[in-house]
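Listing of query-v6.pdb; format and content: PDB, C-alpha atoms.
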```
ATOM      1  CA  MET A   1     -14.504   9.239 -10.965
ATOM      2  CA  THR A   2     -12.129   9.859 -13.797
ATOM      3  CA  ALA A   3      -8.368   9.929 -13.344
ATOM      4  CA  THR A   4      -8.518  13.567 -14.441
ATOM      5  CA  ASN A   5     -10.773  14.500 -11.520
ATOM      6  CA  HIS A   6      -8.724  12.473  -9.045
ATOM      7  CA  ALA A   7      -5.582  14.266 -10.255
ATOM      8  CA  ILE A   8      -6.978  17.790  -9.980
ATOM      9  CA  THR A   9      -8.478  17.009  -6.565
ATOM     10  CA  GLY A  10      -5.073  15.822  -5.362
ATOM     11  CA  ALA A  11      -3.633  19.143  -6.517
ATOM     12  CA  LEU A  12      -6.311  21.050  -4.606
ATOM     13  CA  ILE A  13      -5.566  19.085  -1.438
ATOM     14  CA  ALA A  14      -1.874  19.986  -1.802
ATOM     15  CA  THR A  15      -2.768  23.678  -1.977
ATOM     16  CA  VAL A  16      -4.884  23.479   1.178
ATOM     17  CA  ILE A  17      -2.893  21.101   3.402
ATOM     18  CA  LYS A  18       0.733  22.153   3.764
ATOM     19  CA  ASN A  19       1.931  19.148   5.799
ATOM     20  CA  PRO A  20       3.164  16.616   3.201
ATOM     21  CA  ALA A  21       2.325  13.449   5.177
ATOM     22  CA  VAL A  22      -1.188  14.662   5.943
ATOM     23  CA  ALA A  23      -1.768  15.998   2.415
ATOM     24  CA  VAL A  24      -0.713  12.765   0.656
ATOM     25  CA  THR A  25      -2.748  10.643   3.086
ATOM     26  CA  LEU A  26      -5.844  12.814   2.617
ATOM     27  CA  ALA A  27      -5.400  12.717  -1.157
ATOM     28  CA  PHE A  28      -5.408   8.912  -1.039
ATOM     29  CA  ILE A  29      -8.518   8.843   1.171
ATOM     30  CA  ALA A  30     -10.219  11.465  -1.025
ATOM     31  CA  HIS A  31     -10.139   8.977  -3.880
ATOM     32  CA  PHE A  32     -12.655   6.743  -2.120
ATOM     33  CA  VAL A  33     -14.838   9.644  -1.030
ATOM     34  CA  MET A  34     -14.975  10.830  -4.635
ATOM     35  CA  ASP A  35     -15.809   7.351  -5.903
ATOM     36  CA  ALA A  36     -18.807   7.271  -3.553
ATOM     37  CA  ILE A  37     -20.288  10.265  -5.430
ATOM     38  CA  PRO A  38     -22.411   9.408  -8.498
ATOM     39  CA  HIS A  39     -20.124   9.644 -11.519
ATOM     40  CA  PHE A  40     -19.453   8.611 -15.119
ATOM     41  CA  ARG A  41     -18.910   5.101 -16.401
ATOM     42  CA  VAL A  42     -19.298   3.492 -19.809
ATOM     43  CA  ALA A  43     -22.471   1.398 -19.653
ATOM     44  CA  ALA A  44     -22.010  -2.370 -19.524
ATOM     45  CA  LYS A  45     -23.334  -5.213 -17.410
ATOM     46  CA  ASP A  46     -19.825  -6.207 -16.269
ATOM     47  CA  ASP A  47     -16.132  -5.510 -16.827
ATOM     48  CA  LYS A  48     -15.768  -8.244 -19.441
ATOM     49  CA  GLU A  49     -18.440  -6.596 -21.616
ATOM     50  CA  ARG A  50     -17.057  -3.101 -20.925
ATOM     51  CA  PHE A  51     -13.562  -4.140 -22.017
ATOM     52  CA  LYS A  52     -14.986  -5.125 -25.430
ATOM     53  CA  LYS A  53     -16.449  -1.667 -26.149
ATOM     54  CA  ARG A  54     -14.542   0.765 -28.352
ATOM     55  CA  ILE A  55     -16.067   3.765 -26.512
ATOM     56  CA  PHE A  56     -14.505   2.467 -23.284
ATOM     57  CA  TYR A  57     -11.020   2.674 -24.787
ATOM     58  CA  LYS A  58     -11.633   6.079 -26.368
ATOM     59  CA  THR A  59     -12.834   7.417 -23.021
ATOM     60  CA  LEU A  60      -9.914   5.805 -21.199
ATOM     61  CA  ILE A  61      -7.326   7.252 -23.585
ATOM     62  CA  ILE A  62      -8.796  10.762 -23.352
ATOM     63  CA  ASP A  63      -8.992  10.560 -19.549
ATOM     64  CA  LEU A  64      -5.467   9.218 -19.079
ATOM     65  CA  THR A  65      -4.057  11.775 -21.520
ATOM     66  CA  LEU A  66      -5.737  14.640 -19.646
ATOM     67  CA  ALA A  67      -4.614  13.254 -16.273
ATOM     68  CA  PHE A  68      -1.029  12.892 -17.549
ATOM     69  CA  LEU A  69      -1.030  16.464 -18.876
ATOM     70  CA  LEU A  70      -2.341  17.708 -15.533
ATOM     71  CA  LEU A  71       0.442  15.794 -13.731
ATOM     72  CA  ILE A  72       2.987  17.698 -15.798
ATOM     73  CA  ILE A  73       1.363  21.132 -16.007
ATOM     74  CA  VAL A  74      -0.308  21.724 -12.633
ATOM     75  CA  PRO A  75       2.726  21.200 -10.335
ATOM     76  CA  THR A  76       4.699  23.596 -12.551
ATOM     77  CA  PHE A  77       2.144  26.396 -12.293
ATOM     78  CA  ILE A  78       1.620  26.024  -8.550
ATOM     79  CA  LEU A  79       5.330  26.461  -7.814
ATOM     80  CA  THR A  80       4.724  29.954  -6.510
ATOM     81  CA  SER A  81       3.779  28.752  -3.033
ATOM     82  CA  LEU A  82       4.359  24.983  -2.978
ATOM     83  CA  SER A  83       7.026  22.562  -3.981
ATOM     84  CA  TRP A  84       6.138  20.759  -7.190
ATOM     85  CA  TRP A  85       6.794  17.366  -5.620
ATOM     86  CA  LEU A  86       4.050  17.814  -2.986
ATOM     87  CA  VAL A  87       1.484  18.707  -5.637
ATOM     88  CA  PHE A  88       2.669  15.832  -7.834
ATOM     89  CA  ALA A  89       2.631  13.349  -4.917
ATOM     90  CA  CYS A  90      -0.902  14.355  -3.894
ATOM     91  CA  MET A  91      -2.107  14.046  -7.464
ATOM     92  CA  LEU A  92      -0.598  10.555  -7.751
ATOM     93  CA  ALA A  93      -1.918   9.508  -4.336
ATOM     94  CA  CYS A  94      -5.444  10.523  -5.269
ATOM     95  CA  MET A  95      -5.219   8.574  -8.550
ATOM     96  CA  SER A  96      -3.356   5.522  -7.224
ATOM     97  CA  PRO A  97      -6.218   3.281  -6.021
ATOM     98  CA  ASP A  98      -7.374   2.975  -9.628
ATOM     99  CA  LEU A  99      -4.151   1.191 -10.541
ATOM    100  CA  ALA A 100      -5.941  -1.979  -9.417
ATOM    101  CA  TRP A 101      -8.449  -1.446 -12.248
ATOM    102  CA  GLY A 102      -5.583  -0.983 -14.687
ATOM    103  CA  TRP A 103      -4.144  -4.308 -13.603
ATOM    104  CA  ARG A 104      -7.542  -6.006 -14.041
ATOM    105  CA  LEU A 105      -7.855  -4.474 -17.519
ATOM    106  CA  PHE A 106      -4.368  -5.670 -18.449
ATOM    107  CA  LEU A 107      -5.152  -9.215 -17.309
ATOM    108  CA  ALA A 108      -8.486  -9.278 -19.123
ATOM    109  CA  VAL A 109      -7.250  -7.850 -22.412
ATOM    110  CA  PHE A 110      -3.701  -9.179 -22.758
ATOM    111  CA  LYS A 111      -3.858 -12.370 -20.717
ATOM    112  CA  ASN A 112      -7.531 -13.195 -21.312
ATOM    113  CA  ALA A 113      -7.814 -13.806 -17.576
ATOM    114  CA  GLN A 114     -10.587 -12.861 -15.166
ATOM    115  CA  ARG A 115      -9.561 -12.969 -11.540
ATOM    116  CA  GLU A 116     -11.802 -12.905  -8.516
ATOM    117  CA  LYS A 117     -11.898  -9.491  -6.917
ATOM    118  CA  ASN A 118      -9.936  -9.301  -3.677
ATOM    119  CA  LEU A 119     -11.209  -7.455  -0.594
ATOM    120  CA  PHE A 120      -9.785  -4.125  -1.818
ATOM    121  CA  SER A 121     -11.419  -4.443  -5.251
ATOM    122  CA  ARG A 122     -14.737  -5.535  -3.771
ATOM    123  CA  PHE A 123     -14.719  -2.504  -1.448
ATOM    124  CA  HIS A 124     -13.741  -0.231  -4.326
ATOM    125  CA  THR A 125     -16.620  -1.609  -6.414
ATOM    126  CA  TRP A 126     -19.096  -1.368  -3.524
ATOM    127  CA  ILE A 127     -18.482   2.327  -2.844
ATOM    128  CA  GLN A 128     -19.097   3.149  -6.503
ATOM    129  CA  TRP A 129     -22.805   2.573  -6.099
ATOM    130  CA  SER A 130     -23.906   5.015  -8.816
ATOM    131  CA  GLU A 131     -22.027   5.005 -12.086
ATOM    132  CA  SER A 132     -23.738   5.902 -15.334
ATOM    133  CA  GLN A 133     -23.265   7.765 -18.581
ATOM    134  CA  THR A 134     -25.242  10.717 -17.202
ATOM    135  CA  GLY A 135     -22.625  10.977 -14.463
ATOM    136  CA  ILE A 136     -20.523  12.894 -16.986
ATOM    137  CA  VAL A 137     -22.375  16.016 -15.804
ATOM    138  CA  VAL A 138     -21.106  15.473 -12.244
ATOM    139  CA  GLU A 139     -17.601  14.877 -13.603
ATOM    140  CA  LEU A 140     -17.605  18.105 -15.626
ATOM    141  CA  VAL A 141     -18.953  20.234 -12.779
ATOM    142  CA  TRP A 142     -16.416  18.674 -10.391
ATOM    143  CA  PHE A 143     -13.538  19.341 -12.782
ATOM    144  CA  ILE A 144     -14.453  22.953 -13.525
ATOM    145  CA  THR A 145     -15.049  23.749  -9.850
ATOM    146  CA  THR A 146     -11.888  22.042  -8.600
ATOM    147  CA  LEU A 147      -9.677  23.491 -11.334
ATOM    148  CA  SER A 148     -11.064  26.967 -10.540
ATOM    149  CA  LEU A 149     -10.194  26.488  -6.871
ATOM    150  CA  VAL A 150      -6.689  25.285  -7.696
ATOM    151  CA  ILE A 151      -6.097  28.309  -9.924
ATOM    152  CA  GLU A 152      -7.505  30.652  -7.275
ATOM    153  CA  ARG A 153      -5.323  29.171  -4.511
ATOM    154  CA  ARG A 154      -2.055  29.324  -6.408
TER     155      ARG A 154
END
```

Write-out of the structure in structure tokens:
Amino acid sequence: MTATNHAITGALIATVIKNPAVAVTLAFIAHFVMDAIPHFRVAAKDDKERFKKRIFYKTLIIDLTLAFLLLIIVPTFILTSLSWWLVFACMLACMSPDLAWGWRLFLAVFKNAQREKNLFSRFHTWIQWSESQTGIVVELVWFITTLSLVIERR
């Protein structure tokens, strides 16, 4: 799923689970559960081809900008019942497994290097069994629903 959806889901987990250790752990685990749901991805036969597409970078910039804005805005507005750091930590924990993809992108684009996927990356790829452009519908419904729940719970 998109970083935006991982971020807002982390915020929702923080509003439901008050124990920080449990909330951050569940937010991290939720990332993989979410990635197992059919979701959006720019069409390409492999990462090397995907990294050459302009639409990939446009989508990535929009997603990361929205996720960054959520990281700043959401913890501030939920302060009524939670500490901002718990919301922020859960949001980061839910997004964090995708940092491996960021590293792969960096290596491919700036170092012109393709590395073999390690066990973590192979697992992460395997659970994302259904990624397509039509998955944007799932992403939008997920975002609207989760954001509504976060707003309701604050």

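Among the candidates A:Ile55, A:Leu99, A:Ala67, A:Leu119, the residue lying nearest to Thr9 (chain A) is A:Ala67 (atoms considered: all atoms listed in the file).
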
For Val87 (chain A), the nearest of the candidates A:Ile127, A:Ala100, A:Gly135, A:Val74, counting only C-alpha atoms: A:Val74

Centre and edges of the region 2-20 of chain A box, axis-aligned, 8 Å extra per side, as JSON:
```
{"center_x": -4.5, "center_y": 16.8, "center_z": -4.3, "size_x": 31.3, "size_y": 29.8, "size_z": 36.2}
```

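Among the candidates A:Ala36, A:Leu12, A:Ile61, A:Leu147, the one nearest to His124 (chain A) when counting only C-alpha atoms is A:Ala36.
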
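The residue that comes closest to Phe28 (chain A), out of A:Leu64, A:Leu71, A:Ile144, A:Ile13 and on the basis of all atoms listed in the file, is A:Ile13.
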
Pairwise distance for CA of Gln114 (chain A) and CA of His39 (chain A), rounded to one decimal in Å: 24.7 Å

Do a neighbour search on Asp35 (chain A) at 12 Å with only C-alpha atoms, toss out local chain neighbours closer than 5 positions, and write the hits as an mmCIF file with C-alpha atoms, in the frame of the given file.
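selection-v2.cif, written as the output of this step:
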```
data_model
loop_
_atom_site.group_PDB
_atom_site.id
_atom_site.type_symbol
_atom_site.label_atom_id
_atom_site.label_comp_id
_atom_site.auth_asym_id
_atom_site.auth_seq_id
_atom_site.Cartn_x
_atom_site.Cartn_y
_atom_site.Cartn_z
ATOM 1 C CA MET A 1 -14.504 9.239 -10.965
ATOM 2 C CA THR A 2 -12.129 9.859 -13.797
ATOM 3 C CA ALA A 3 -8.368 9.929 -13.344
ATOM 4 C CA ASN A 5 -10.773 14.500 -11.520
ATOM 5 C CA HIS A 6 -8.724 12.473 -9.045
ATOM 6 C CA PHE A 28 -5.408 8.912 -1.039
ATOM 7 C CA ILE A 29 -8.518 8.843 1.171
ATOM 8 C CA ALA A 30 -10.219 11.465 -1.025
ATOM 9 C CA PHE A 40 -19.453 8.611 -15.119
ATOM 10 C CA ARG A 41 -18.910 5.101 -16.401
ATOM 11 C CA CYS A 94 -5.444 10.523 -5.269
ATOM 12 C CA MET A 95 -5.219 8.574 -8.550
ATOM 13 C CA PRO A 97 -6.218 3.281 -6.021
ATOM 14 C CA ASP A 98 -7.374 2.975 -9.628
ATOM 15 C CA PHE A 123 -14.719 -2.504 -1.448
ATOM 16 C CA HIS A 124 -13.741 -0.231 -4.326
ATOM 17 C CA THR A 125 -16.620 -1.609 -6.414
ATOM 18 C CA TRP A 126 -19.096 -1.368 -3.524
ATOM 19 C CA ILE A 127 -18.482 2.327 -2.844
ATOM 20 C CA GLN A 128 -19.097 3.149 -6.503
ATOM 21 C CA TRP A 129 -22.805 2.573 -6.099
ATOM 22 C CA SER A 130 -23.906 5.015 -8.816
ATOM 23 C CA GLU A 131 -22.027 5.005 -12.086
ATOM 24 C CA GLY A 135 -22.625 10.977 -14.463
ATOM 25 C CA VAL A 138 -21.106 15.473 -12.244
ATOM 26 C CA GLU A 139 -17.601 14.877 -13.603
#
```

Shell around Ser83 (chain A) at 12 Å using all atoms listed in the file, local window under 3 positions removed, as a count of residues only: 19

Using only C-alpha atoms: which of A:Asn118, A:Ile73, A:Val42, A:Leu26 has the shortest distance to Thr134 (chain A):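 Closest residue, counting only C-alpha atoms: A:Val42.
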
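Between CA of Leu92 (chain A) and CA of Ala7 (chain A) the interatomic distance comes to 6.7 Å.
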
Coordinates-based distance that separates CA of Arg153 (chain A) from CA of Ala27 (chain A) (Å, one decimal):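 Going from CA of Ala27 (chain A) over to CA of Arg153 (chain A), I get 16.8 Å.
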